[in-house]
Structure formats: C-alpha cells, structure tokens
>>> print(open('final-v9.txt').read())   # compact mmCIF, C-alpha atoms
# COMPACT_ATOMS: atom_id res chain seq x y z
CA MET A 1 0.00 0.00 0.00
CA ALA A 2 1.43 3.39 -1.01
CA GLN A 3 1.73 6.18 1.48
CA ILE A 4 1.23 9.83 0.75
CA GLN A 5 3.03 12.39 2.85
CA PHE A 6 2.13 16.05 2.92
CA VAL A 7 4.96 18.35 3.83
CA GLN A 8 4.37 21.72 5.50
CA ILE A 9 0.58 21.39 5.62
CA THR A 10 -1.53 20.62 8.66
CA PRO A 11 -4.43 18.19 8.55
CA GLN A 12 -6.80 21.15 9.12
CA GLU A 13 -5.30 23.06 6.15
CA LEU A 14 -5.68 19.98 3.96
CA GLN A 15 -9.28 19.54 5.04
CA ASN A 16 -10.04 23.22 4.37
CA SER A 17 -8.41 23.00 0.95
CA ILE A 18 -10.48 19.95 0.01
CA LEU A 19 -13.69 21.55 1.29
CA GLU A 20 -12.99 24.74 -0.68
CA GLY A 21 -12.42 22.73 -3.87
CA VAL A 22 -15.67 20.82 -3.38
CA LYS A 23 -17.58 24.07 -2.70
CA ASN A 24 -16.18 25.62 -5.89
CA GLN A 25 -17.18 22.58 -7.95
CA LEU A 26 -20.71 22.58 -6.46
CA GLU A 27 -21.10 26.30 -7.12
CA ASN A 28 -19.98 25.83 -10.73
CA PHE A 29 -22.42 22.94 -11.11
CA LYS A 30 -25.30 25.03 -9.72
CA GLN A 31 -24.59 27.89 -12.14
CA ASN A 32 -24.42 25.64 -15.22
CA PHE A 33 -27.15 23.16 -14.30
CA GLU A 34 -30.39 23.46 -16.21
CA PRO A 35 -33.06 20.91 -15.42
CA LYS A 36 -34.39 19.12 -18.47
CA GLN A 37 -37.66 20.64 -19.53
CA PRO A 38 -40.19 18.33 -21.17
CA THR A 39 -40.89 19.17 -24.80
CA GLU A 40 -44.09 21.16 -25.12
CA TYR A 41 -46.12 20.43 -28.23
CA LEU A 42 -48.68 22.82 -29.72
CA THR A 43 -51.56 22.19 -32.09
CA ARG A 44 -51.99 24.17 -35.32
CA HIS A 45 -54.59 26.35 -33.63
CA GLU A 46 -52.30 27.05 -30.65
CA VAL A 47 -49.45 27.98 -33.02
CA ALA A 48 -51.80 30.27 -34.96
CA ALA A 49 -52.86 31.96 -31.71
CA LEU A 50 -49.24 32.28 -30.55
CA LEU A 51 -48.15 33.87 -33.82
CA LYS A 52 -51.42 35.81 -34.18
CA VAL A 53 -52.02 34.46 -37.69
CA ASP A 54 -54.66 32.31 -39.37
CA VAL A 55 -54.39 28.49 -39.34
CA SER A 56 -53.91 28.62 -43.12
CA SER A 57 -50.77 30.71 -42.56
CA VAL A 58 -49.43 28.03 -40.21
CA HIS A 59 -50.08 25.48 -42.97
CA ASN A 60 -48.21 27.66 -45.49
CA TYR A 61 -45.27 28.15 -43.09
CA THR A 62 -45.09 24.37 -42.74
CA LYS A 63 -45.19 23.81 -46.51
CA ARG A 64 -42.37 26.35 -47.01
CA GLY A 65 -40.27 24.73 -44.29
CA THR A 66 -40.42 27.73 -41.96
CA LEU A 67 -42.07 25.55 -39.32
CA GLN A 68 -41.39 21.86 -38.66
CA ALA A 69 -44.52 19.79 -38.07
CA TYR A 70 -44.72 16.42 -36.32
CA GLN A 71 -47.49 13.88 -36.66
CA VAL A 72 -48.65 11.81 -33.72
CA ALA A 73 -51.64 9.51 -34.14
CA GLY A 74 -52.99 11.60 -37.00
CA ARG A 75 -52.57 14.91 -35.18
CA VAL A 76 -50.25 17.61 -36.45
CA LEU A 77 -48.15 19.11 -33.68
CA TYR A 78 -45.34 21.66 -33.40
CA LYS A 79 -42.62 22.00 -30.78
CA ARG A 80 -43.00 25.30 -28.94
CA SER A 81 -39.23 25.82 -28.82
CA GLU A 82 -38.97 25.42 -32.61
CA VAL A 83 -41.89 27.78 -33.24
CA GLU A 84 -40.28 30.42 -31.01
CA ALA A 85 -36.89 29.82 -32.67
CA SER A 86 -38.42 30.39 -36.11
CA ILE A 87 -39.13 34.00 -35.16
CA VAL A 88 -36.16 35.99 -36.40
CA ALA A 89 -35.19 39.59 -35.79
CA LEU A 90 -35.39 41.98 -38.71
CA LYS A 91 -32.21 43.74 -39.70
CA LYS A 92 -32.59 47.51 -39.62
>>> encode(input="final-v9.txt", output="structure tokens")
Amino acid sequence: MAQIQFVQITPQELQNSILEGVKNQLENFKQNFEPKQPTEYLTRHEVAALLKVDVSSVHNYTKRGTLQAYQVAGRVLYKRSEVEASIVALKK
C-alpha cells in the first residue's frame, strides 16, 4: 500500500483546501445546471394563436419549411421551442 506524505501542511489546512475545492465545484455545477424541460407540443390552432395568424398561414409556413410539423396519431403538432426559434429579428 502506497503512502502519501504532505509536507508543511496541517491536517486542518488539507481539510479546508479539500472543502474549498468541493464548494467551488458545487457552485460551478449550480450555475451551469439546467433541469431538463419536457418538450411542449402545440396544435396548429395554438401555433396560430401564438403567432397571431390564421391556421392557413401556419399550414403555409409548414409547406415552405419555416415551421417543422410532427405527426402523432394523425394529429399535427409543433414543438413550442422550434416555433419560437423560427421568429427571427429583422435587420434595420
């Protein structure tokens, strides 16, 4: 069994150093941690209401590829995050 010797450091200083390192890692984890959000799906009517357009406009956006539609059991759905990401800022 190998032995590790610490020179010019007290057991209390070593303990404090380890605790400080753990605290820093936990703080970094807290700042960068984002809990996984479940994907929210919207119907065509909900997308139309969100964008304040007619349902036919949502259909046209889908046909042009502006919006990505998903089909589940015969229903057409859109991911909220993708709908919001499709909104782009105009260049002035």
>>> atom_distance(input="final-v9.txt", atom1="CA of Glu40 in chain A", atom2="CA of Arg80 in chain A")
5.7 Å
>>> atom_distance(input="final-v9.txt", atom1="CA of Thr66 in chain A", atom2="CA of Lys79 in chain A")
12.8 Å
>>> atom_distance(input="final-v9.txt", atom1="CA of Arg44 in chain A", atom2="CA of Leu77 in chain A")
6.6 Å
>>> closest_residue(input="final-v9.txt", among="A:Ala2, A:Val7, A:Ala69, A:Val55", to="Tyr41 in chain A", atoms="all atoms listed in the file")
A:Ala69
>>> residues_around(input="final-v9.txt", residues="Val72 in chain A", least_positions_apart="6", cutoff="12 Å", atoms="only C-alpha atoms", output="PyMOL selection string")
chain A and resi 41-43+78
>>> write_last_selection(input="final-v9.txt", atoms="C-alpha atoms", output="PDB file, keeping the file's coordinate frame")
ATOM      1  CA  TYR A  41     -46.120  20.430 -28.230  1.00  0.00           C
ATOM      2  CA  LEU A  42     -48.680  22.820 -29.720  1.00  0.00           C
ATOM      3  CA  THR A  43     -51.560  22.190 -32.090  1.00  0.00           C
ATOM      4  CA  TYR A  78     -45.340  21.660 -33.400  1.00  0.00           C
TER       5      TYR A  78
END
>>> axis_aligned_box(input="final-v9.txt", around="range 59-67 of chain A", padding_each_side="6 Å", output="JSON")
{"center_x": -45.2, "center_y": 26.0, "center_z": -43.2, "size_x": 21.8, "size_y": 16.3, "size_z": 19.7}
>>> decode(input="final-v9.txt", residues="range 15-50 of chain A", atoms="N, CA and C atoms", output="PDB file, in the first residue's frame")
ATOM      1  N   GLN A  15      -7.832  19.670   5.007  1.00  0.00           N
ATOM      2  CA  GLN A  15      -9.276  19.537   5.043  1.00  0.00           C
ATOM      3  C   GLN A  15      -9.950  20.792   4.473  1.00  0.00           C
ATOM      4  N   ASN A  16      -9.477  21.964   4.867  1.00  0.00           N
ATOM      5  CA  ASN A  16     -10.038  23.219   4.368  1.00  0.00           C
ATOM      6  C   ASN A  16      -9.849  23.347   2.860  1.00  0.00           C
ATOM      7  N   SER A  17      -8.693  22.932   2.380  1.00  0.00           N
ATOM      8  CA  SER A  17      -8.405  23.003   0.946  1.00  0.00           C
ATOM      9  C   SER A  17      -9.349  22.094   0.161  1.00  0.00           C
ATOM     10  N   ILE A  18      -9.563  20.887   0.673  1.00  0.00           N
ATOM     11  CA  ILE A  18     -10.484  19.946   0.009  1.00  0.00           C
ATOM     12  C   ILE A  18     -11.906  20.490   0.030  1.00  0.00           C
ATOM     13  N   LEU A  19     -12.339  21.000   1.178  1.00  0.00           N
ATOM     14  CA  LEU A  19     -13.693  21.552   1.286  1.00  0.00           C
ATOM     15  C   LEU A  19     -13.891  22.733   0.327  1.00  0.00           C
ATOM     16  N   GLU A  20     -12.900  23.586   0.215  1.00  0.00           N
ATOM     17  CA  GLU A  20     -12.987  24.737  -0.679  1.00  0.00           C
ATOM     18  C   GLU A  20     -13.109  24.284  -2.133  1.00  0.00           C
ATOM     19  N   GLY A  21     -12.333  23.269  -2.503  1.00  0.00           N
ATOM     20  CA  GLY A  21     -12.417  22.731  -3.866  1.00  0.00           C
ATOM     21  C   GLY A  21     -13.783  22.143  -4.161  1.00  0.00           C
ATOM     22  N   VAL A  22     -14.337  21.412  -3.204  1.00  0.00           N
ATOM     23  CA  VAL A  22     -15.670  20.824  -3.379  1.00  0.00           C
ATOM     24  C   VAL A  22     -16.725  21.928  -3.486  1.00  0.00           C
ATOM     25  N   LYS A  23     -16.623  22.948  -2.651  1.00  0.00           N
ATOM     26  CA  LYS A  23     -17.576  24.070  -2.699  1.00  0.00           C
ATOM     27  C   LYS A  23     -17.524  24.758  -4.061  1.00  0.00           C
ATOM     28  N   ASN A  24     -16.325  24.975  -4.584  1.00  0.00           N
ATOM     29  CA  ASN A  24     -16.183  25.620  -5.894  1.00  0.00           C
ATOM     30  C   ASN A  24     -16.818  24.775  -6.989  1.00  0.00           C
ATOM     31  N   GLN A  25     -16.602  23.468  -6.937  1.00  0.00           N
ATOM     32  CA  GLN A  25     -17.179  22.584  -7.951  1.00  0.00           C
ATOM     33  C   GLN A  25     -18.711  22.574  -7.858  1.00  0.00           C
ATOM     34  N   LEU A  26     -19.251  22.553  -6.643  1.00  0.00           N
ATOM     35  CA  LEU A  26     -20.708  22.579  -6.461  1.00  0.00           C
ATOM     36  C   LEU A  26     -21.297  23.896  -6.957  1.00  0.00           C
ATOM     37  N   GLU A  27     -20.627  24.981  -6.675  1.00  0.00           N
ATOM     38  CA  GLU A  27     -21.100  26.299  -7.123  1.00  0.00           C
ATOM     39  C   GLU A  27     -21.103  26.370  -8.650  1.00  0.00           C
ATOM     40  N   ASN A  28     -20.057  25.862  -9.269  1.00  0.00           N
ATOM     41  CA  ASN A  28     -19.976  25.825 -10.731  1.00  0.00           C
ATOM     42  C   ASN A  28     -21.090  24.961 -11.305  1.00  0.00           C
ATOM     43  N   PHE A  29     -21.350  23.832 -10.675  1.00  0.00           N
ATOM     44  CA  PHE A  29     -22.419  22.941 -11.114  1.00  0.00           C
ATOM     45  C   PHE A  29     -23.777  23.631 -11.016  1.00  0.00           C
ATOM     46  N   LYS A  30     -24.028  24.333  -9.908  1.00  0.00           N
ATOM     47  CA  LYS A  30     -25.302  25.033  -9.722  1.00  0.00           C
ATOM     48  C   LYS A  30     -25.524  26.094 -10.798  1.00  0.00           C
ATOM     49  N   GLN A  31     -24.465  26.816 -11.163  1.00  0.00           N
ATOM     50  CA  GLN A  31     -24.590  27.886 -12.144  1.00  0.00           C
ATOM     51  C   GLN A  31     -24.853  27.346 -13.542  1.00  0.00           C
ATOM     52  N   ASN A  32     -24.296  26.179 -13.863  1.00  0.00           N
ATOM     53  CA  ASN A  32     -24.417  25.637 -15.215  1.00  0.00           C
ATOM     54  C   ASN A  32     -25.502  24.580 -15.359  1.00  0.00           C
ATOM     55  N   PHE A  33     -26.141  24.209 -14.266  1.00  0.00           N
ATOM     56  CA  PHE A  33     -27.146  23.157 -14.300  1.00  0.00           C
ATOM     57  C   PHE A  33     -28.484  23.721 -14.750  1.00  0.00           C
ATOM     58  N   GLU A  34     -29.052  23.101 -15.756  1.00  0.00           N
ATOM     59  CA  GLU A  34     -30.395  23.457 -16.205  1.00  0.00           C
ATOM     60  C   GLU A  34     -31.221  22.176 -16.229  1.00  0.00           C
ATOM     61  N   PRO A  35     -32.254  22.126 -15.423  1.00  0.00           N
ATOM     62  CA  PRO A  35     -33.059  20.910 -15.422  1.00  0.00           C
ATOM     63  C   PRO A  35     -33.707  20.692 -16.785  1.00  0.00           C
ATOM     64  N   LYS A  36     -33.823  19.456 -17.165  1.00  0.00           N
ATOM     65  CA  LYS A  36     -34.387  19.125 -18.470  1.00  0.00           C
ATOM     66  C   LYS A  36     -35.885  19.438 -18.460  1.00  0.00           C
ATOM     67  N   GLN A  37     -36.263  20.277 -19.398  1.00  0.00           N
ATOM     68  CA  GLN A  37     -37.665  20.639 -19.533  1.00  0.00           C
ATOM     69  C   GLN A  37     -38.330  19.688 -20.528  1.00  0.00           C
ATOM     70  N   PRO A  38     -39.513  19.196 -20.207  1.00  0.00           N
ATOM     71  CA  PRO A  38     -40.193  18.333 -21.173  1.00  0.00           C
ATOM     72  C   PRO A  38     -40.571  19.147 -22.407  1.00  0.00           C
ATOM     73  N   THR A  39     -40.537  18.500 -23.549  1.00  0.00           N
ATOM     74  CA  THR A  39     -40.887  19.169 -24.802  1.00  0.00           C
ATOM     75  C   THR A  39     -42.371  19.490 -24.792  1.00  0.00           C
ATOM     76  N   GLU A  40     -42.687  20.745 -25.077  1.00  0.00           N
ATOM     77  CA  GLU A  40     -44.090  21.163 -25.125  1.00  0.00           C
ATOM     78  C   GLU A  40     -44.525  21.194 -26.583  1.00  0.00           C
ATOM     79  N   TYR A  41     -45.590  20.477 -26.875  1.00  0.00           N
ATOM     80  CA  TYR A  41     -46.123  20.432 -28.233  1.00  0.00           C
ATOM     81  C   TYR A  41     -47.369  21.297 -28.327  1.00  0.00           C
ATOM     82  N   LEU A  42     -47.526  21.961 -29.473  1.00  0.00           N
ATOM     83  CA  LEU A  42     -48.676  22.823 -29.724  1.00  0.00           C
ATOM     84  C   LEU A  42     -49.435  22.325 -30.939  1.00  0.00           C
ATOM     85  N   THR A  43     -50.743  22.518 -30.927  1.00  0.00           N
ATOM     86  CA  THR A  43     -51.560  22.190 -32.094  1.00  0.00           C
ATOM     87  C   THR A  43     -51.456  23.322 -33.109  1.00  0.00           C
ATOM     88  N   ARG A  44     -51.997  23.109 -34.294  1.00  0.00           N
ATOM     89  CA  ARG A  44     -51.989  24.170 -35.322  1.00  0.00           C
ATOM     90  C   ARG A  44     -52.712  25.409 -34.827  1.00  0.00           C
ATOM     91  N   HIS A  45     -53.810  25.205 -34.133  1.00  0.00           N
ATOM     92  CA  HIS A  45     -54.588  26.349 -33.631  1.00  0.00           C
ATOM     93  C   HIS A  45     -53.817  27.110 -32.552  1.00  0.00           C
ATOM     94  N   GLU A  46     -53.099  26.388 -31.681  1.00  0.00           N
ATOM     95  CA  GLU A  46     -52.301  27.045 -30.648  1.00  0.00           C
ATOM     96  C   GLU A  46     -51.141  27.835 -31.270  1.00  0.00           C
ATOM     97  N   VAL A  47     -50.529  27.269 -32.321  1.00  0.00           N
ATOM     98  CA  VAL A  47     -49.447  27.977 -33.016  1.00  0.00           C
ATOM     99  C   VAL A  47     -50.005  29.233 -33.672  1.00  0.00           C
ATOM    100  N   ALA A  48     -51.171  29.112 -34.309  1.00  0.00           N
ATOM    101  CA  ALA A  48     -51.799  30.269 -34.956  1.00  0.00           C
ATOM    102  C   ALA A  48     -52.081  31.363 -33.924  1.00  0.00           C
ATOM    103  N   ALA A  49     -52.578  30.980 -32.760  1.00  0.00           N
ATOM    104  CA  ALA A  49     -52.865  31.963 -31.708  1.00  0.00           C
ATOM    105  C   ALA A  49     -51.573  32.585 -31.189  1.00  0.00           C
ATOM    106  N   LEU A  50     -50.529  31.773 -31.033  1.00  0.00           N
ATOM    107  CA  LEU A  50     -49.244  32.275 -30.547  1.00  0.00           C
ATOM    108  C   LEU A  50     -48.639  33.287 -31.515  1.00  0.00           C
TER     109      LEU A  50
END
